[in-house]
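Here's data.cif, which has mmCIF, C-alpha atoms and all ligand atoms:
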data_protein
loop_
_atom_site.group_PDB
_atom_site.id
_atom_site.type_symbol
_atom_site.label_atom_id
_atom_site.label_comp_id
_atom_site.auth_asym_id
_atom_site.auth_seq_id
_atom_site.Cartn_x
_atom_site.Cartn_y
_atom_site.Cartn_z
ATOM 1 C CA MET Q 1 74.764 61.400 102.742
ATOM 2 C CA ALA Q 2 70.995 61.319 103.057
ATOM 3 C CA PHE Q 3 69.466 64.490 104.434
ATOM 4 C CA GLU Q 4 66.771 64.507 107.107
ATOM 5 C CA THR Q 5 65.771 68.147 107.407
ATOM 6 C CA ILE Q 6 66.125 69.287 103.812
ATOM 7 C CA THR Q 7 65.576 67.791 100.382
ATOM 8 C CA VAL Q 8 68.027 68.380 97.603
ATOM 9 C CA GLU Q 9 67.638 67.996 93.865
ATOM 10 C CA THR Q 10 69.283 69.146 90.688
ATOM 11 C CA ARG Q 11 67.294 70.652 87.845
ATOM 12 C CA ASP Q 12 69.561 70.943 84.844
ATOM 13 C CA HIS Q 13 72.207 73.421 86.011
ATOM 14 C CA VAL Q 14 70.386 74.596 89.121
ATOM 15 C CA GLY Q 15 70.699 73.097 92.585
ATOM 16 C CA VAL Q 16 67.470 73.168 94.579
ATOM 17 C CA VAL Q 17 67.408 72.939 98.362
ATOM 18 C CA ARG Q 18 64.057 72.688 100.108
ATOM 19 C CA LEU Q 19 63.883 73.238 103.864
ATOM 20 C CA ASP Q 20 61.813 70.377 105.191
ATOM 21 C CA ARG Q 21 60.780 70.480 108.843
ATOM 22 C CA PRO Q 22 57.034 70.971 108.333
ATOM 23 C CA GLU Q 23 56.216 70.156 111.963
ATOM 24 C CA ALA Q 24 58.175 73.247 113.043
ATOM 25 C CA LEU Q 25 57.448 75.546 110.084
ATOM 26 C CA ASN Q 26 61.021 74.902 108.936
ATOM 27 C CA ALA Q 27 62.525 76.379 112.106
ATOM 28 C CA LEU Q 28 66.274 76.409 111.629
ATOM 29 C CA ASN Q 29 67.866 74.009 114.108
ATOM 30 C CA ALA Q 30 71.466 72.816 114.248
ATOM 31 C CA ALA Q 31 70.756 69.719 112.171
ATOM 32 C CA LEU Q 32 69.070 71.700 109.391
ATOM 33 C CA LEU Q 33 71.742 74.391 109.334
ATOM 34 C CA GLY Q 34 74.472 71.735 109.098
ATOM 35 C CA GLU Q 35 72.700 69.978 106.238
ATOM 36 C CA LEU Q 36 72.037 73.259 104.454
ATOM 37 C CA ALA Q 37 75.723 74.195 104.683
ATOM 38 C CA THR Q 38 76.706 70.767 103.311
ATOM 39 C CA ALA Q 39 74.234 71.004 100.419
ATOM 40 C CA ILE Q 40 75.397 74.501 99.459
ATOM 41 C CA ALA Q 41 79.054 73.426 99.647
ATOM 42 C CA ARG Q 42 78.321 70.494 97.312
ATOM 43 C CA PHE Q 43 76.645 72.730 94.769
ATOM 44 C CA GLU Q 44 79.523 75.198 95.044
ATOM 45 C CA ASP Q 45 81.918 72.343 94.193
ATOM 46 C CA ASP Q 46 79.799 70.974 91.358
ATOM 47 C CA ALA Q 47 81.001 72.424 88.044
ATOM 48 C CA ALA Q 48 77.656 71.590 86.391
ATOM 49 C CA ILE Q 49 75.747 73.881 88.762
ATOM 50 C CA GLY Q 50 75.513 77.610 88.029
ATOM 51 C CA ALA Q 51 73.024 78.752 90.680
ATOM 52 C CA VAL Q 52 71.206 77.505 93.744
ATOM 53 C CA VAL Q 53 67.541 77.913 94.694
ATOM 54 C CA LEU Q 54 66.586 77.835 98.342
ATOM 55 C CA THR Q 55 62.938 77.301 99.191
ATOM 56 C CA GLY Q 56 60.580 76.061 101.899
ATOM 57 C CA SER Q 57 56.949 74.968 101.964
ATOM 58 C CA GLU Q 58 53.824 76.857 100.952
ATOM 59 C CA LYS Q 59 53.215 77.769 104.614
ATOM 60 C CA ALA Q 60 56.761 78.660 105.613
ATOM 61 C CA PHE Q 61 60.082 79.465 104.071
ATOM 62 C CA ALA Q 62 61.371 79.343 107.663
ATOM 63 C CA ALA Q 63 59.818 80.655 110.893
ATOM 64 C CA GLY Q 64 63.221 81.527 112.318
ATOM 65 C CA ALA Q 65 65.888 79.899 114.417
ATOM 66 C CA ASP Q 66 64.515 76.987 116.430
ATOM 67 C CA ILE Q 67 63.298 78.701 119.595
ATOM 68 C CA LYS Q 68 62.907 75.387 121.460
ATOM 69 C CA GLU Q 69 66.541 74.528 120.764
ATOM 70 C CA MET Q 70 67.665 78.044 121.629
ATOM 71 C CA ALA Q 71 65.610 78.640 124.789
ATOM 72 C CA GLU Q 72 68.054 77.136 127.290
ATOM 73 C CA ARG Q 73 71.233 78.500 125.764
ATOM 74 C CA THR Q 74 73.574 80.332 128.110
ATOM 75 C CA TYR Q 75 75.699 83.353 127.305
ATOM 76 C CA PRO Q 76 79.096 81.601 127.650
ATOM 77 C CA GLN Q 77 77.967 78.679 125.488
ATOM 78 C CA THR Q 78 76.584 81.022 122.834
ATOM 79 C CA LEU Q 79 79.757 83.102 122.856
ATOM 80 C CA ILE Q 80 82.104 80.138 122.741
ATOM 81 C CA ASP Q 81 80.374 78.218 119.934
ATOM 82 C CA ASP Q 82 79.674 81.504 118.107
ATOM 83 C CA PHE Q 83 76.049 80.343 117.830
ATOM 84 C CA MET Q 84 76.943 78.098 114.898
ATOM 85 C CA ALA Q 85 77.776 81.217 112.915
ATOM 86 C CA GLY Q 86 79.745 79.101 110.412
ATOM 87 C CA THR Q 87 76.702 77.133 109.299
ATOM 88 C CA TRP Q 88 74.370 80.129 109.514
ATOM 89 C CA LEU Q 89 76.550 82.013 107.057
ATOM 90 C CA ALA Q 90 76.780 79.293 104.392
ATOM 91 C CA ALA Q 91 74.272 80.961 102.058
ATOM 92 C CA SER Q 92 75.877 84.380 102.362
ATOM 93 C CA ARG Q 93 79.331 82.952 101.676
ATOM 94 C CA ALA Q 94 78.355 81.120 98.496
ATOM 95 C CA ARG Q 95 80.118 82.456 95.429
ATOM 96 C CA LYS Q 96 77.484 81.122 93.051
ATOM 97 C CA PRO Q 97 74.200 83.042 93.109
ATOM 98 C CA VAL Q 98 71.580 81.841 95.579
ATOM 99 C CA ILE Q 99 67.916 82.588 94.887
ATOM 100 C CA ALA Q 100 65.394 82.492 97.722
ATOM 101 C CA ALA Q 101 61.915 81.329 96.672
ATOM 102 C CA VAL Q 102 59.739 82.422 99.569
ATOM 103 C CA SER Q 103 56.185 81.406 100.377
ATOM 104 C CA GLY Q 104 54.540 81.894 103.771
ATOM 105 C CA TYR Q 105 56.540 82.886 106.829
ATOM 106 C CA ALA Q 106 60.092 84.189 106.521
ATOM 107 C CA LEU Q 107 60.658 85.301 110.099
ATOM 108 C CA GLY Q 108 63.681 86.010 112.248
ATOM 109 C CA GLY Q 109 66.523 83.790 111.048
ATOM 110 C CA GLY Q 110 64.274 82.744 108.142
ATOM 111 C CA CYS Q 111 64.028 86.346 106.963
ATOM 112 C CA GLU Q 112 67.763 86.753 107.565
ATOM 113 C CA LEU Q 113 68.437 83.637 105.504
ATOM 114 C CA ALA Q 114 66.335 85.034 102.644
ATOM 115 C CA MET Q 115 68.255 88.311 102.891
ATOM 116 C CA MET Q 116 71.569 86.426 102.640
ATOM 117 C CA CYS Q 117 70.419 85.228 99.230
ATOM 118 C CA ASP Q 118 71.159 87.273 96.127
ATOM 119 C CA ILE Q 119 67.638 87.393 94.706
ATOM 120 C CA VAL Q 120 64.351 86.965 96.577
ATOM 121 C CA LEU Q 121 61.222 85.832 94.715
ATOM 122 C CA ALA Q 122 58.028 85.590 96.764
ATOM 123 C CA THR Q 123 54.395 84.592 96.523
ATOM 124 C CA GLU Q 124 51.497 86.814 97.699
ATOM 125 C CA SER Q 125 51.344 84.771 100.904
ATOM 126 C CA ALA Q 126 54.916 85.563 101.942
ATOM 127 C CA ARG Q 127 55.324 87.381 105.257
ATOM 128 C CA PHE Q 128 58.650 88.896 106.255
ATOM 129 C CA GLY Q 129 59.499 89.877 109.792
ATOM 130 C CA LEU Q 130 62.160 90.115 112.462
ATOM 131 C CA PRO Q 131 60.145 89.390 115.632
ATOM 132 C CA GLU Q 132 63.166 88.627 117.845
ATOM 133 C CA ILE Q 133 62.293 91.631 120.015
ATOM 134 C CA THR Q 134 59.156 89.763 121.129
ATOM 135 C CA LEU Q 135 61.458 87.024 122.485
ATOM 136 C CA GLY Q 136 63.602 89.452 124.455
ATOM 137 C CA VAL Q 137 66.498 89.443 121.982
ATOM 138 C CA ILE Q 138 67.427 91.136 118.714
ATOM 139 C CA PRO Q 139 68.160 89.779 115.234
ATOM 140 C CA GLY Q 140 71.575 88.096 115.278
ATOM 141 C CA ALA Q 141 72.160 86.741 111.791
ATOM 142 C CA GLY Q 142 72.429 90.020 109.931
ATOM 143 C CA GLY Q 143 68.875 91.319 110.302
ATOM 144 C CA THR Q 144 69.683 94.724 111.729
ATOM 145 C CA GLN Q 145 72.231 95.315 108.974
ATOM 146 C CA ARG Q 146 70.709 93.725 105.876
ATOM 147 C CA LEU Q 147 67.118 94.887 106.427
ATOM 148 C CA VAL Q 148 68.232 98.519 106.700
ATOM 149 C CA ARG Q 149 70.190 98.195 103.498
ATOM 150 C CA ALA Q 150 67.238 96.530 101.750
ATOM 151 C CA VAL Q 151 64.329 98.732 102.873
ATOM 152 C CA GLY Q 152 65.844 101.790 104.584
ATOM 153 C CA LYS Q 153 65.944 102.863 108.203
ATOM 154 C CA ALA Q 154 62.308 103.834 108.769
ATOM 155 C CA LYS Q 155 60.761 100.504 107.844
ATOM 156 C CA ALA Q 156 63.627 98.471 109.299
ATOM 157 C CA MET Q 157 63.421 100.294 112.612
ATOM 158 C CA GLU Q 158 59.653 99.812 112.852
ATOM 159 C CA MET Q 159 59.872 96.110 112.041
ATOM 160 C CA ILE Q 160 62.805 95.399 114.346
ATOM 161 C CA LEU Q 161 61.501 97.435 117.294
ATOM 162 C CA SER Q 162 57.841 96.403 117.074
ATOM 163 C CA GLY Q 163 58.072 92.977 115.438
ATOM 164 C CA ARG Q 164 55.642 93.985 112.670
ATOM 165 C CA PHE Q 165 55.540 91.681 109.633
ATOM 166 C CA MET Q 166 55.621 92.915 106.043
ATOM 167 C CA THR Q 167 53.364 91.506 103.353
ATOM 168 C CA ALA Q 168 54.907 90.338 100.108
ATOM 169 C CA GLU Q 169 53.498 93.380 98.356
ATOM 170 C CA GLU Q 170 55.054 95.791 100.862
ATOM 171 C CA ALA Q 171 58.323 93.873 100.736
ATOM 172 C CA GLU Q 172 58.405 94.147 96.963
ATOM 173 C CA ARG Q 173 57.621 97.860 97.045
ATOM 174 C CA ALA Q 174 60.320 98.390 99.669
ATOM 175 C CA GLY Q 175 62.983 96.495 97.706
ATOM 176 C CA LEU Q 176 63.355 93.378 99.837
ATOM 177 C CA VAL Q 177 61.722 91.185 97.198
ATOM 178 C CA SER Q 178 62.658 91.287 93.560
ATOM 179 C CA ARG Q 179 59.353 89.939 92.214
ATOM 180 C CA ILE Q 180 56.028 88.452 93.343
ATOM 181 C CA VAL Q 181 55.041 85.328 91.416
ATOM 182 C CA PRO Q 182 51.908 83.132 91.534
ATOM 183 C CA ASP Q 183 52.003 80.364 94.175
ATOM 184 C CA ALA Q 184 51.991 77.540 91.674
ATOM 185 C CA GLU Q 185 54.884 79.027 89.712
ATOM 186 C CA LEU Q 186 57.259 79.946 92.541
ATOM 187 C CA LEU Q 187 59.758 77.112 92.260
ATOM 188 C CA ASP Q 188 59.639 76.898 88.473
ATOM 189 C CA GLU Q 189 60.173 80.622 88.177
ATOM 190 C CA ALA Q 190 63.088 80.561 90.628
ATOM 191 C CA VAL Q 191 64.654 77.663 88.723
ATOM 192 C CA LYS Q 192 64.111 79.568 85.471
ATOM 193 C CA VAL Q 193 66.014 82.553 86.868
ATOM 194 C CA GLY Q 194 68.714 80.170 88.118
ATOM 195 C CA GLU Q 195 68.931 78.463 84.726
ATOM 196 C CA LYS Q 196 69.268 81.821 82.976
ATOM 197 C CA ILE Q 197 72.119 82.758 85.317
ATOM 198 C CA ALA Q 198 73.686 79.320 84.871
ATOM 199 C CA SER Q 199 73.756 79.855 81.101
ATOM 200 C CA MET Q 200 76.097 82.841 81.558
ATOM 201 C CA SER Q 201 79.868 82.721 81.991
ATOM 202 C CA LEU Q 202 80.512 81.646 85.579
ATOM 203 C CA PRO Q 203 83.588 83.890 85.991
ATOM 204 C CA ALA Q 204 81.451 86.869 84.906
ATOM 205 C CA VAL Q 205 78.630 85.816 87.240
ATOM 206 C CA ILE Q 206 80.969 85.443 90.216
ATOM 207 C CA HIS Q 207 82.530 88.839 89.520
ATOM 208 C CA ALA Q 208 79.137 90.505 88.960
ATOM 209 C CA LYS Q 209 77.805 89.180 92.268
ATOM 210 C CA ALA Q 210 80.941 90.214 94.145
ATOM 211 C CA SER Q 211 80.854 93.678 92.573
ATOM 212 C CA VAL Q 212 77.231 94.284 93.553
ATOM 213 C CA ASN Q 213 77.964 93.114 97.100
ATOM 214 C CA ARG Q 214 80.955 95.451 97.165
ATOM 215 C CA ALA Q 215 78.512 98.357 96.965
ATOM 216 C CA PHE Q 216 77.493 97.569 100.546
ATOM 217 C CA GLU Q 217 81.030 97.355 101.844
ATOM 218 C CA THR Q 218 82.850 100.360 100.490
ATOM 219 C CA SER Q 219 82.762 103.953 99.238
ATOM 220 C CA LEU Q 220 81.454 104.725 95.747
ATOM 221 C CA GLU Q 221 84.960 105.611 94.548
ATOM 222 C CA GLU Q 222 86.438 102.347 95.850
ATOM 223 C CA GLY Q 223 83.480 100.364 94.495
ATOM 224 C CA LEU Q 224 83.870 101.916 91.041
ATOM 225 C CA LEU Q 225 87.587 101.097 91.055
ATOM 226 C CA TYR Q 226 86.836 97.517 92.079
ATOM 227 C CA GLU Q 227 84.218 97.149 89.355
ATOM 228 C CA ARG Q 228 86.552 98.549 86.698
ATOM 229 C CA SER Q 229 89.463 96.280 87.542
ATOM 230 C CA VAL Q 230 87.186 93.253 87.614
ATOM 231 C CA PHE Q 231 85.713 94.333 84.278
ATOM 232 C CA TYR Q 232 89.212 94.545 82.774
ATOM 233 C CA SER Q 233 90.098 91.098 84.131
ATOM 234 C CA LEU Q 234 87.201 89.489 82.273
ATOM 235 C CA PHE Q 235 88.997 90.265 79.000
ATOM 236 C CA ALA Q 236 91.385 87.493 80.037
ATOM 237 C CA THR Q 237 88.594 84.919 79.683
ATOM 238 C CA GLU Q 238 87.652 82.840 76.644
ATOM 239 C CA ASP Q 239 84.038 83.535 77.507
ATOM 240 C CA GLN Q 240 84.472 87.248 76.791
ATOM 241 C CA LYS Q 241 85.779 86.389 73.302
ATOM 242 C CA GLU Q 242 82.930 83.945 72.792
ATOM 243 C CA GLY Q 243 80.229 86.312 74.088
ATOM 244 C CA MET Q 244 81.277 89.223 71.901
ATOM 245 C CA ALA Q 245 81.966 87.032 68.840
ATOM 246 C CA ALA Q 246 78.505 85.481 69.204
ATOM 247 C CA PHE Q 247 76.921 88.937 69.232
ATOM 248 C CA VAL Q 248 78.802 90.000 66.104
ATOM 249 C CA GLU Q 249 77.950 86.725 64.351
ATOM 250 C CA LYS Q 250 74.287 86.995 65.438
ATOM 251 C CA ARG Q 251 74.249 83.650 67.223
ATOM 252 C CA GLN Q 252 73.759 82.369 70.762
ATOM 253 C CA ALA Q 253 76.897 82.462 72.919
ATOM 254 C CA ARG Q 254 78.145 79.160 74.318
ATOM 255 C CA PHE Q 255 80.036 79.901 77.482
ATOM 256 C CA ARG Q 256 82.499 77.350 78.860
ATOM 257 C CA ASP Q 257 83.355 79.024 82.138
ATOM 258 C CA ARG Q 258 86.916 79.772 81.193
HETATM 259 N N1 LIG B 1 61.122 77.604 116.572
HETATM 260 C C1 LIG B 1 60.619 76.407 117.005
HETATM 261 N N2 LIG B 1 59.383 75.970 116.705
HETATM 262 C C2 LIG B 1 58.595 76.766 115.958
HETATM 263 C C3 LIG B 1 59.047 78.027 115.469
HETATM 264 C C4 LIG B 1 60.380 78.442 115.806
HETATM 265 N N3 LIG B 1 60.919 79.583 115.364
HETATM 266 N N4 LIG B 1 58.041 78.598 114.773
HETATM 267 C C5 LIG B 1 57.006 77.729 114.807
HETATM 268 N N5 LIG B 1 57.338 76.627 115.516
HETATM 269 C C6 LIG B 1 56.526 75.448 115.798
HETATM 270 C C7 LIG B 1 55.458 75.765 116.819
HETATM 271 O O1 LIG B 1 55.994 75.702 118.133
HETATM 272 C C8 LIG B 1 54.455 74.672 116.533
HETATM 273 O O2 LIG B 1 54.913 73.488 117.091
HETATM 274 P P1 LIG B 1 53.928 72.562 118.022
HETATM 275 O O3 LIG B 1 53.396 73.457 119.062
HETATM 276 O O4 LIG B 1 52.884 72.124 117.034
HETATM 277 O O5 LIG B 1 54.819 71.483 118.492
HETATM 278 C C9 LIG B 1 54.537 74.530 115.016
HETATM 279 O O6 LIG B 1 55.800 75.078 114.633
HETATM 280 C C10 LIG B 1 53.458 75.319 114.284
HETATM 281 O O7 LIG B 1 53.514 76.643 114.733
HETATM 282 P P2 LIG B 1 52.227 77.443 115.289
HETATM 283 O O8 LIG B 1 51.243 76.498 115.898
HETATM 284 O O9 LIG B 1 52.737 78.561 116.140
HETATM 285 O O10 LIG B 1 51.626 77.983 113.919
HETATM 286 P P3 LIG B 1 50.771 79.293 113.685
HETATM 287 O O11 LIG B 1 50.316 79.196 112.280
HETATM 288 O O12 LIG B 1 49.739 79.456 114.763
HETATM 289 O O13 LIG B 1 51.790 80.519 113.831
HETATM 290 C C11 LIG B 1 53.891 81.692 113.425
HETATM 291 C C12 LIG B 1 52.806 80.663 112.911
HETATM 292 C C13 LIG B 1 55.035 81.651 112.428
HETATM 293 C C14 LIG B 1 53.290 83.084 113.459
HETATM 294 C C15 LIG B 1 54.337 81.260 114.862
HETATM 295 O O14 LIG B 1 54.710 79.873 114.819
HETATM 296 C C16 LIG B 1 55.521 82.041 115.356
HETATM 297 O O15 LIG B 1 55.373 83.184 115.823
HETATM 298 N N6 LIG B 1 56.735 81.446 115.316
HETATM 299 C C17 LIG B 1 57.912 82.029 115.882
HETATM 300 C C18 LIG B 1 58.435 83.136 114.986
HETATM 301 C C19 LIG B 1 59.668 83.800 115.585
HETATM 302 O O16 LIG B 1 59.610 84.406 116.658
HETATM 303 N N7 LIG B 1 60.801 83.717 114.893
HETATM 304 C C20 LIG B 1 62.059 84.293 115.338
HETATM 305 C C21 LIG B 1 62.868 83.279 116.133
HETATM 306 S S1 LIG B 1 64.413 83.978 116.747
HETATM 307 C C22 LIG B 1 72.051 83.946 114.919
HETATM 308 C C23 LIG B 1 71.391 83.276 113.951
HETATM 309 C C24 LIG B 1 69.996 83.311 113.903
HETATM 310 C C25 LIG B 1 69.263 83.956 114.840
HETATM 311 C C26 LIG B 1 69.932 84.632 115.818
HETATM 312 C C27 LIG B 1 71.315 84.614 115.855
HETATM 313 N N8 LIG B 1 73.488 83.928 114.973
HETATM 314 C C28 LIG B 1 74.254 83.293 113.927
HETATM 315 C C29 LIG B 1 74.206 84.664 115.997
HETATM 316 C C30 LIG B 1 67.809 83.912 114.737
HETATM 317 C C31 LIG B 1 66.921 84.079 115.727
HETATM 318 C C32 LIG B 1 65.477 83.831 115.460
HETATM 319 O O17 LIG B 1 65.087 83.543 114.362
#
This structure in structure tokens:
Amino acid sequence: MAFETITVETRDHVGVVRLDRPEALNALNAALLGELATAIARFEDDAAIGAVVLTGSEKAFAAGADIKEMAERTYPQTLIDDFMAGTWLAASRARKPVIAAVSGYALGGGCELAMMCDIVLATESARFGLPEITLGVIPGAGGTQRLVRAVGKAKAMEMILSGRFMTAEEAERAGLVSRIVPDAELLDEAVKVGEKIASMSLPAVIHAKASVNRAFETSLEEGLLYERSVFYSLFATEDQKEGMAAFVEKRQARFRDR
């Protein structure tokens, strides 16, 4: 299937999805969200892919849900179709790591999409915000929950109640962004991180990601128990034998995802 609102490519073991609606600053409409969900599902199914990079243009990662498409929605329609929640959640449901490479605007649903990703790299020009309040609504794709967890209540409350944007520098200091990288290196750097992850044992990567995410869902005691049992289970993999043997033999491990 040819895509119209995104472009998709594979770089070695990393799947790259670029949001591509420049005329609307990559506003997330139904067509784009459907294509994004399809592209992520394909990379999830592709055994050669170990991580996915999600990016936009220099000017915008995504300026939010498509306001023009959303403006005439009614309450019953929104309730009944669950506002396309299935497609919106594709990135957050991926089991392979998803890296957001953000330049320019990441607003509303665009910021929420970045926060659904596991790692966020950004350029100096990146601007993060949840301006839904200025439209008479509130964030609806996880913003009120994920931003608090990422940057704490004080900053999240100010941004969500006033619509203030954060610069990349502030977002990095606050913990929303993992690293700021030069404009020209954004995609290459994100792919490099993805390639590094893809070189690891996929069972270990899937368990590591799930364990970190567990920290947001449960008590410390339960989270520690979960981590320990998952740790034990990895001793059932060939990759654990290979990884530890490679260390002892002073050579590079060659993981086979089993
Ligand atoms: N939707 C539709 N079109 C948009 C757009 C958007 N979010 N953002 C920008 N555009 C369009 C503009 O209308 C303009 O189109 P034309 O007028 O040329 O046809 C074009 O992109 C260029 O934008 P500007 O001319 O405005 O460019 P500027 O550089 O002057 O300003 C800006 C850039 C990013 C500051 C400005 O465009 C802006 O404020 N955009 C809106 C940002 C915003 O409010 N975002 C939040 C949207 S609400 C849910 C899932 C998701 C959501 C909720 C629930 N569920 C699963 C339940 C999400 C909600 C939202 O994201």
Item to check | Atom pair CA of Lys153 (chain Q) / CA of Pro182 (chain Q): separation (Å) | outcome: 29.4 Å
Next on the checklist: For the PyMOL selection byres (((chain Q and resi 103-116) around 7) and not hetatm), applied here, can you spell out every residue it catches as a PyMOL selection string?
Outcome noted: chain Q and resi 57-65+91-92+100-102+117-118+120+122-123+125-132+139+141-143+146
Next on the checklist: Take the PyMOL selection byres (((chain Q and resi 39) around 12) and not hetatm), run it mentally on this structure, and tell me the resulting residues as a ChimeraX atom specification.
Outcome noted: /Q:1-10,15-19,32-38,40-46,52-54,87,90-91,94
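Distance annotation: of Q:Pro203, Q:Pro76, Q:Gly140, Q:Gly50, the residue with the minimal separation from ligand LIG 1 (chain B) is Q:Gly140; atom set is only C-alpha atoms and all ligand atoms.
Each of Q:Ser219, Q:Ser178, Q:Ser211, Q:Ser201 was compared to Thr237 (chain Q) using all atoms listed in the file, and Q:Ser201 turns out to be the nearest.
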Would you compute an axis-aligned box for region 216-229 of chain Q, covering every atom listed for it in the file with 6 Å of margin on each side, and report centre and edge lengths in Å to one decimal as JSON?
{"center_x": 83.5, "center_y": 100.9, "center_z": 94.3, "size_x": 24.0, "size_y": 21.3, "size_z": 27.1}
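A straight line drawn from CA of Ile206 (chain Q) to CA of Pro97 (chain Q) is 7.7 Å long.
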Item to check | Pick from Q:Leu220, Q:Leu225, Q:Leu121, Q:Val191, whichever lies nearest to Asp12 (chain Q) using all atoms listed in the file | outcome: Q:Val191
Next on the checklist: Measuring between all atoms listed in the file, which one of Q:Lys192, Q:Lys68, Q:Arg173, Q:Arg251 shows the shortest distance to ligand LIG 1 (chain B)?
Outcome noted: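 Checking each of Q:Lys192, Q:Lys68, Q:Arg173, Q:Arg251 against ligand LIG 1 (chain B), counting all atoms listed in the file, the winner is Q:Lys68.
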Next on the checklist: Given only C-alpha atoms and all ligand atoms as the basis, pick out the residue of Q:Met200, Q:Leu79, Q:Met159, Q:Ala51 nearest to ligand LIG 1 (chain B).
Outcome noted: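 Of all the options, Q:Leu79 lies closest to ligand LIG 1 (chain B).
For the pair atom C12 of ligand LIG 1 (chain B) and CA of Val137 (chain Q), the separation is 18.6 Å.
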Item to check | Nearest candidate to Ala150 (chain Q) (options Q:Ala171, Q:Ala24, Q:Glu217, Q:Lys96; using all atoms listed in the file) | outcome: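 Counting all atoms listed in the file, the residue closest to Ala150 (chain Q) is Q:Ala171.
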